[in-house]
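Encoded as structure tokens, the structure appears first; notes follow it.
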Amino acid sequence: MNLITKSGGNDFSGTFDVRYRDNRFVEKGQHADSEEGGDNTFVLPAATLGGPIVRDRIWFFTSAAYQRQQTTPSLSPITADFKGQDYLGKISWQIDPRWRAVFKGASSPATFTGFNAGPFVDPTAAAAERQRSVLWQAESSGQLADRLLWELQLGVHDRKVSDGPQSGDLQMPGVIDLDTQISSGNYTRVQSSARHRAEAQTSLTAFVDGFGGSHEFKGGASYAALTLDALNNTTGGALYTDDDGPFLYSVTPELPSQTYRDNLTAGYLQDAWRVLPALTLKLGLRYDRAGYSNELHESVATLAAWQPRLGFAWDLTGDARTVLRGSYGKFMHPSALALPLYARLTFAPTTRYLACSQAVGADVSDPAMIEAACQAFAAARGGAVIQDPLHRDPDGFAFYDMLSTSPNQVDPNLRPTMANEYSIGIQRQLAQRTSVELTYVAKATRNVLEDTCSENVPQPTADSGFENCHSLTLTNPAAARRDYRGLLLRFESREVDWLDVVASYTYSRSRGSVENPQVSGPDFDVYPVHFVNTYGDLSDDRRHRLKLKGFVKLPREVSVGFNAIYESPFDYSVLQSLAPPLYGTAFLEPRGSRRANSTSTLEIELRKRFRVAGLDLELIGTVENVLGTERPVAVCQFASGCTLAEGEDLALGDPTDFQPPRRYEVGFRMVF
């Protein structure tokens, strides 16, 4: 952890800044109406203060901010409401000319109601979250000798998060409809976590001449102890899965909170070697080791990797105006605390019951015959007929099967997720403060951690009927991977004092078979249905991106800032919901095989500066989405279509979310 902030000085100084927007500042758009579509407000006051405690020796810096943002997504019946605070305190101590110490503390409490707001969430299923982050950090740095620097950093970070139904009702099960994709009845999860991280890290830097040039040798090590107290249950201990009517009732007993532990150890050596006046090589080697334990404090996995790094910078013309740079490196992802939570021994199997209206043929209408047929269906599968607490099917639910009947396993040959990344680029200085740069970047992520039915380890085994998946194993599915290729052209200029501009164009391809690896997602569980068509364009894939930002200084202390972005059409997939005995979704076409539309946005900010009684004052006005474009930013991805929470039916490819319309923001800033 490393919290970087401003510091105080020998003069007292501070700022006060406030930004504000409400529904009156949001225009009525084609797909959004601030008067009818819920709240869209924003307020952010913030203040800083810094100065001397002992002049030339000890200084302080503090800041505080409050944020309230209410946003109603397009076509959503729910408004997301975020309330958060940020507090910071810092003391800097110049012990003597060679040594310095810094102490920091920060806290960020927040509440977030309706955080799952969207077009497929009924108001009865709205969720709320509370979170709090507290960080303490101390560091010391100085010279052990004229050419020898030492740094030491100690820190503690605590973070608590809890979420559940916004209504506060923890007994009512939620409903997810496979036909419409709508969540209703109640939010389906009750979760809480308390994470504690204590870390120490140190480094030593030596400047050495000789040995073929000048060197900047640096070595460092770190150790972090992590603890997680986690609770994760289904609301009401059950979940209804509908399919245009009562379909499945899944019961999972609630479990108490459990404690899991990790430890992360790392060390590295590197050398910035100036071989020639125009050539610098950067050589490095890093080692990471992560050990994981379950709730009984038994080791469940150890992931470790050596990661070589290599880079160079070559001044091609010898005048620092044309520089060629390149780098290669391997990077390990430690997986945080997701792994021990997955490998817990305290587990609860999920029992699934099929609605009798589904288990019995539609041609059977006599109540006695329905009852007998449903009981026979359940008995044939080794169970009985039950009545669900909400009586959503008056004929009851018949036992269907039981999932996760034994603890999850961890592949003894599990390897850490690794990313191989390399880049090559050239930068040319066109004028004193103007440059252009062209860079190519490639990144390949392999050994992704994901669970699968144990029968698929070490090789996938066909199980289309979902009959042999008695447990899950965390492994590195060969099919799970991500790849990125990008070419970036960047232009930056501050040639004249009144204009600052940065422009960039990126051509890229982002492909893979997993979006955001979460260890226990449904990806790659059952072969072949969860393996087919999974590789393709990821959701962040945009072939072309254009960005232009900067500001213009005008007479009379007026400045105009601008930020323009264009992105080529985003991709989407064609999906199908899987009915029992299977679960999750299947790709009917390769991931991301279809394209929707491009998007663009323009933001303008106007500032007017005043000088009053020794204070710098600024009035600020901002216009977001100046052009008022309301292009779709998400679409229905199910081949059978989607249904909004408010009842409108959509076809595959129909928009489910749009850019918000033109909106305005006002602000005020004071500096002393």
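Here's how to read the names in the structure tokens: chain A, B, ... by the order shown, residue numbers from 1 in each chain, ligand numbers from 1 in the order shown.
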Checklist line | Selection: 8 Å around range 660-662 of chain A, only C-alpha atoms, excl. self and same-chain fewer than 6 positions, as a list in words | finding: Val26, Glu27, Lys28, Gly29, Ala32, Ser74, Val623, Glu624, Asn625, Val626, Leu627, Gly628, Thr629 and Glu630 of chain A
Return as JSON lines the residues of range 427-457 of chain A lying at most 9 Å from range 411-416 of chain A, together with the closest atom-to-atom pair for each and the distance in Å to one decimal, counting only C-alpha atoms, with rows in chain order and ascending residue number.
{"residue": "A:Arg446", "atom": "CA", "partner": "A:Pro416", "partner_atom": "CA", "distance": 8.8}
{"residue": "A:Asn447", "atom": "CA", "partner": "A:Pro416", "partner_atom": "CA", "distance": 6.3}
{"residue": "A:Val448", "atom": "CA", "partner": "A:Pro416", "partner_atom": "CA", "distance": 7.5}
{"residue": "A:Leu449", "atom": "CA", "partner": "A:Pro416", "partner_atom": "CA", "distance": 7.5}
{"residue": "A:Val457", "atom": "CA", "partner": "A:Asp411", "partner_atom": "CA", "distance": 8.0}
Note to self: Please determine, counting only C-alpha atoms, which residue among A:Leu154, A:Leu283, A:Ala579, A:Leu231 has the shortest atom-to-atom distance to Thr346 in chain A.
What the structure shows: A:Leu231
Item checked: Atom pair CA of Leu341 in chain A / CA of Thr475 in chain A: separation (Å) ->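 Here the two named atoms are 14.7 Å from each other.
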Next item on the list: Name all residues at most 6 Å from Ser508 in chain A (count only C-alpha atoms; drop same-chain ones fewer than 3 positions away) and give them as a ChimeraX atom specification.
Entry: /A:485-486,543
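The smallest atom-to-atom distance between Gly621 in chain A and any of A:Glu665, A:Asp11, A:Glu557, A:Asp654, using only C-alpha atoms, is found for A:Glu665.
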Check: Any idea what's packed within 7 Å of Tyr353 in chain A, counting only C-alpha atoms, ignoring anything in its chain fewer than 4 positions away? Could you give it as JSON, numbers by chain?
Finding: {"A": [248, 249, 250, 397, 398, 399, 400]}
Could you please take those selected residues and save N, CA and C atoms as an mmCIF file, in the first residue's frame?
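Saved the output as again-v9.cif:
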data_model
loop_
_atom_site.group_PDB
_atom_site.id
_atom_site.type_symbol
_atom_site.label_atom_id
_atom_site.label_comp_id
_atom_site.auth_asym_id
_atom_site.auth_seq_id
_atom_site.Cartn_x
_atom_site.Cartn_y
_atom_site.Cartn_z
ATOM 1 N N LEU A 248 -38.023 -22.994 -10.459
ATOM 2 C CA LEU A 248 -37.058 -23.665 -9.610
ATOM 3 C C LEU A 248 -36.981 -22.956 -8.260
ATOM 4 N N TYR A 249 -36.834 -23.759 -7.202
ATOM 5 C CA TYR A 249 -36.684 -23.223 -5.852
ATOM 6 C C TYR A 249 -35.420 -23.848 -5.271
ATOM 7 N N SER A 250 -34.402 -23.013 -5.007
ATOM 8 C CA SER A 250 -33.102 -23.500 -4.559
ATOM 9 C C SER A 250 -32.875 -23.089 -3.114
ATOM 10 N N PHE A 397 -43.209 -27.992 -4.801
ATOM 11 C CA PHE A 397 -41.974 -28.152 -5.556
ATOM 12 C C PHE A 397 -41.413 -29.551 -5.283
ATOM 13 N N ALA A 398 -40.993 -30.221 -6.332
ATOM 14 C CA ALA A 398 -40.472 -31.588 -6.232
ATOM 15 C C ALA A 398 -38.942 -31.584 -6.212
ATOM 16 N N PHE A 399 -38.369 -32.427 -5.372
ATOM 17 C CA PHE A 399 -36.913 -32.537 -5.308
ATOM 18 C C PHE A 399 -36.347 -32.819 -6.695
ATOM 19 N N TYR A 400 -35.287 -32.044 -7.037
ATOM 20 C CA TYR A 400 -34.682 -32.205 -8.357
ATOM 21 C C TYR A 400 -33.253 -32.743 -8.242
#
Margin query: What's around Thr72 in chain A at 8 Å? Count only C-alpha atoms, leave out sequence neighbours fewer than 4 positions away in its own chain, and write the answer as a list of chain:residue names.
Written below: A:Gly37, A:Gly38, A:Asp39, A:Asn40, A:Ser76, A:Pro77, A:Ile78, A:Thr79, A:Ala80, A:Ala117
Could you please take those selected residues and save C-alpha atoms as an mmCIF file, in the first residue's frame?
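Output contents, as saved in part27.cif:
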data_model
loop_
_atom_site.group_PDB
_atom_site.id
_atom_site.type_symbol
_atom_site.label_atom_id
_atom_site.label_comp_id
_atom_site.auth_asym_id
_atom_site.auth_seq_id
_atom_site.Cartn_x
_atom_site.Cartn_y
_atom_site.Cartn_z
ATOM 1 C CA GLY A 37 -37.005 9.437 -14.461
ATOM 2 C CA GLY A 38 -35.684 9.851 -10.925
ATOM 3 C CA ASP A 39 -32.884 11.890 -9.424
ATOM 4 C CA ASN A 40 -29.642 12.882 -11.109
ATOM 5 C CA SER A 76 -34.143 1.901 -14.628
ATOM 6 C CA PRO A 77 -36.948 2.206 -12.053
ATOM 7 C CA ILE A 78 -34.320 2.549 -9.287
ATOM 8 C CA THR A 79 -32.065 5.465 -8.375
ATOM 9 C CA ALA A 80 -28.531 4.749 -7.180
ATOM 10 C CA ALA A 117 -29.906 -0.113 -10.235
#
Mind running range 551-646 of chain A against range 459-469 of chain A at 12 Å and telling me each contacting residue's nearest atom pair with the distance in Å (one decimal), counting only C-alpha atoms, chain and number ascending, as a Markdown table?
| residue | atom | partner | partner_atom | distance |
| --- | --- | --- | --- | --- |
| A:Leu578 | CA | A:Ser464 | CA | 11.5 |
| A:Ala579 | CA | A:Gly465 | CA | 11.2 |
| A:Pro580 | CA | A:Phe466 | CA | 8.9 |
| A:Pro581 | CA | A:Phe466 | CA | 6.2 |
| A:Leu582 | CA | A:Phe466 | CA | 6.3 |
| A:Tyr583 | CA | A:Phe466 | CA | 9.6 |
Would you give me, as a short mmCIF file (atom, residue, chain, number, x, y, z; two decimals) with C-alpha atoms, in the first residue's frame, the residues in range 90-316 of chain A that DSSP reads as strand (DSSP E)?
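Below is the file that was written, part_27.cif:
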data_model
loop_
_atom_site.label_atom_id
_atom_site.label_comp_id
_atom_site.auth_asym_id
_atom_site.auth_seq_id
_atom_site.Cartn_x
_atom_site.Cartn_y
_atom_site.Cartn_z
CA LYS A 90 -0.49 13.89 7.32
CA ILE A 91 2.58 14.99 9.28
CA SER A 92 5.96 15.44 7.60
CA TRP A 93 9.12 15.63 9.74
CA GLN A 94 12.51 16.68 8.43
CA ILE A 95 14.57 15.01 11.14
CA ASP A 96 17.85 16.41 9.81
CA TRP A 99 16.54 11.98 7.04
CA ARG A 100 12.80 12.48 6.69
CA ALA A 101 9.74 10.78 8.22
CA VAL A 102 6.07 10.91 7.23
CA PHE A 103 2.95 9.78 9.09
CA LYS A 104 -0.46 9.49 7.38
CA GLY A 105 -3.98 8.48 8.26
CA ALA A 106 -7.06 8.28 6.02
CA SER A 107 -10.68 7.19 6.38
CA SER A 108 -13.44 6.79 3.76
CA PRO A 109 -16.89 5.81 5.11
CA ALA A 110 -19.76 5.52 2.61
CA THR A 111 -23.28 4.23 2.07
CA PHE A 112 -24.63 3.22 -1.33
CA THR A 113 -28.32 2.48 -1.77
CA ALA A 127 -29.67 -3.45 -2.74
CA ALA A 128 -27.76 -1.30 -0.26
CA GLU A 129 -24.13 -1.27 0.81
CA ARG A 130 -22.13 0.18 3.68
CA GLN A 131 -18.37 0.45 3.54
CA ARG A 132 -15.52 1.95 5.51
CA SER A 133 -11.82 2.08 4.77
CA VAL A 134 -9.19 3.14 7.33
CA LEU A 135 -5.48 3.37 6.52
CA TRP A 136 -2.49 4.21 8.71
CA GLN A 137 0.98 4.56 7.25
CA ALA A 138 4.44 5.56 8.48
CA GLU A 139 7.56 5.88 6.38
CA SER A 140 11.14 6.98 6.76
CA SER A 141 13.76 7.70 4.14
CA GLY A 142 17.26 9.05 4.13
CA GLN A 143 20.92 8.69 3.26
CA LEU A 144 22.99 5.96 4.89
CA ALA A 145 25.96 7.33 2.94
CA LEU A 148 23.31 5.05 -0.52
CA LEU A 149 19.57 5.63 0.15
CA TRP A 150 17.28 3.62 2.42
CA GLU A 151 13.46 3.60 2.70
CA LEU A 152 11.18 1.89 5.21
CA GLN A 153 7.39 1.86 5.11
CA LEU A 154 4.89 0.37 7.58
CA GLY A 155 1.15 0.36 7.10
CA VAL A 156 -2.18 -1.02 8.23
CA HIS A 157 -5.32 -1.02 6.08
CA ASP A 158 -8.76 -2.07 7.36
CA ARG A 159 -11.78 -2.23 5.08
CA LYS A 160 -15.31 -3.27 5.98
CA VAL A 161 -18.10 -3.84 3.44
CA SER A 162 -21.60 -5.17 3.93
CA ASP A 163 -24.46 -5.37 1.47
CA GLY A 164 -27.95 -6.78 1.40
CA PRO A 165 -31.56 -5.87 0.59
CA GLY A 174 -35.40 -13.13 -4.22
CA VAL A 175 -36.58 -14.09 -7.72
CA ILE A 176 -34.59 -14.19 -10.96
CA ASP A 177 -36.55 -14.82 -14.18
CA SER A 183 -34.62 -9.64 -10.55
CA SER A 184 -37.56 -9.04 -8.22
CA ARG A 189 -27.43 -11.93 -1.30
CA VAL A 190 -26.47 -11.01 2.26
CA GLN A 191 -22.73 -10.41 2.37
CA SER A 192 -20.19 -8.81 4.66
CA SER A 193 -16.42 -8.74 4.86
CA ALA A 194 -13.82 -7.25 7.14
CA ARG A 195 -10.34 -7.15 5.60
CA HIS A 196 -7.18 -6.37 7.56
CA ARG A 197 -3.80 -5.89 5.91
CA ALA A 198 -0.58 -5.20 7.82
CA GLU A 199 2.43 -4.58 5.62
CA ALA A 200 6.11 -3.72 5.89
CA GLN A 201 8.37 -2.92 2.97
CA THR A 202 11.88 -1.60 2.62
CA SER A 203 14.33 -0.75 -0.16
CA LEU A 204 17.98 0.17 -0.56
CA THR A 205 19.33 2.20 -3.50
CA ALA A 206 23.01 2.52 -4.38
CA PHE A 207 24.58 4.73 -7.07
CA VAL A 208 27.74 3.15 -8.46
CA ASP A 209 30.11 4.20 -11.23
CA SER A 214 27.02 4.08 -14.18
CA HIS A 215 24.47 2.07 -12.22
CA GLU A 216 21.49 2.71 -9.98
CA PHE A 217 21.14 -0.55 -8.05
CA LYS A 218 17.96 -1.02 -6.04
CA GLY A 219 16.77 -3.93 -3.96
CA GLY A 220 13.68 -4.28 -1.86
CA ALA A 221 11.49 -6.67 0.09
CA SER A 222 7.98 -6.64 1.51
CA TYR A 223 5.75 -8.76 3.68
CA ALA A 224 2.00 -8.46 4.14
CA ALA A 225 -0.28 -10.39 6.49
CA LEU A 226 -3.92 -10.42 5.37
CA THR A 227 -7.02 -11.48 7.29
CA LEU A 228 -10.57 -11.78 5.99
CA ASP A 229 -13.74 -12.25 8.03
CA ALA A 230 -16.40 -13.14 5.46
CA LEU A 231 -20.12 -13.87 5.42
CA ASN A 232 -21.90 -14.78 2.19
CA ASN A 233 -25.45 -16.15 2.29
CA THR A 234 -28.52 -16.27 0.10
CA ALA A 238 -33.31 -19.64 -0.78
CA LEU A 239 -33.68 -18.35 -4.34
CA TYR A 240 -36.54 -18.59 -6.84
CA THR A 241 -35.63 -19.04 -10.50
CA ASP A 242 -38.60 -18.38 -12.75
CA LEU A 248 -37.06 -23.66 -9.61
CA TYR A 249 -36.68 -23.22 -5.85
CA SER A 250 -33.10 -23.50 -4.56
CA VAL A 251 -32.39 -23.81 -0.83
CA GLN A 258 -15.48 -17.43 8.89
CA THR A 259 -11.91 -16.11 9.11
CA TYR A 260 -9.30 -16.68 6.40
CA ARG A 261 -5.63 -15.73 6.26
CA ASP A 262 -3.05 -14.95 3.58
CA ASN A 263 0.54 -13.86 3.57
CA LEU A 264 2.31 -12.14 0.69
CA THR A 265 6.10 -12.05 0.46
CA ALA A 266 8.01 -10.26 -2.26
CA GLY A 267 11.55 -9.27 -3.12
CA TYR A 268 13.21 -7.62 -6.08
CA LEU A 269 16.54 -6.49 -7.51
CA GLN A 270 16.93 -4.00 -10.34
CA ASP A 271 19.60 -1.98 -12.07
CA ALA A 272 19.26 1.17 -14.15
CA TRP A 273 22.50 0.77 -16.09
CA ARG A 274 23.71 3.67 -18.20
CA VAL A 275 25.83 1.73 -20.65
CA LEU A 276 26.51 4.73 -22.88
CA LEU A 279 21.73 4.19 -23.86
CA THR A 280 20.24 3.08 -20.55
CA LEU A 281 19.27 -0.51 -19.75
CA LYS A 282 16.88 -1.46 -16.96
CA LEU A 283 17.31 -5.00 -15.67
CA GLY A 284 15.20 -6.48 -12.92
CA LEU A 285 14.04 -9.65 -11.25
CA ARG A 286 11.10 -9.92 -8.85
CA TYR A 287 9.91 -12.83 -6.73
CA ASP A 288 6.40 -13.08 -5.29
CA ARG A 289 5.05 -15.77 -2.98
CA ALA A 290 1.47 -15.94 -1.71
CA GLY A 291 0.38 -18.48 0.90
CA TYR A 292 -3.30 -19.17 1.58
CA SER A 293 -5.05 -20.83 4.54
CA SER A 299 -2.59 -24.30 4.08
CA VAL A 300 -4.65 -24.74 0.91
CA ALA A 301 -2.24 -23.36 -1.71
CA THR A 302 1.06 -21.58 -2.23
CA LEU A 303 1.58 -19.59 -5.42
CA ALA A 304 5.01 -18.27 -6.31
CA ALA A 305 6.79 -16.97 -9.38
CA TRP A 306 10.04 -15.39 -10.56
CA GLN A 307 9.34 -12.41 -12.81
CA PRO A 308 12.14 -11.06 -14.99
CA ARG A 309 11.89 -7.47 -16.25
CA LEU A 310 13.90 -5.81 -19.02
CA GLY A 311 13.74 -2.31 -20.45
CA PHE A 312 15.85 0.15 -22.41
CA ALA A 313 15.90 3.81 -23.43
CA TRP A 314 18.06 4.85 -26.39
CA ASP A 315 18.65 8.45 -27.36
#
Next item on the list: For range 544-546 of chain A, please output as a PyMOL selection string all residues within 7 Å (counting only C-alpha atoms; exclusion window: fewer than 4 positions along the same chain).
Entry: chain A and resi 504-508+565-568
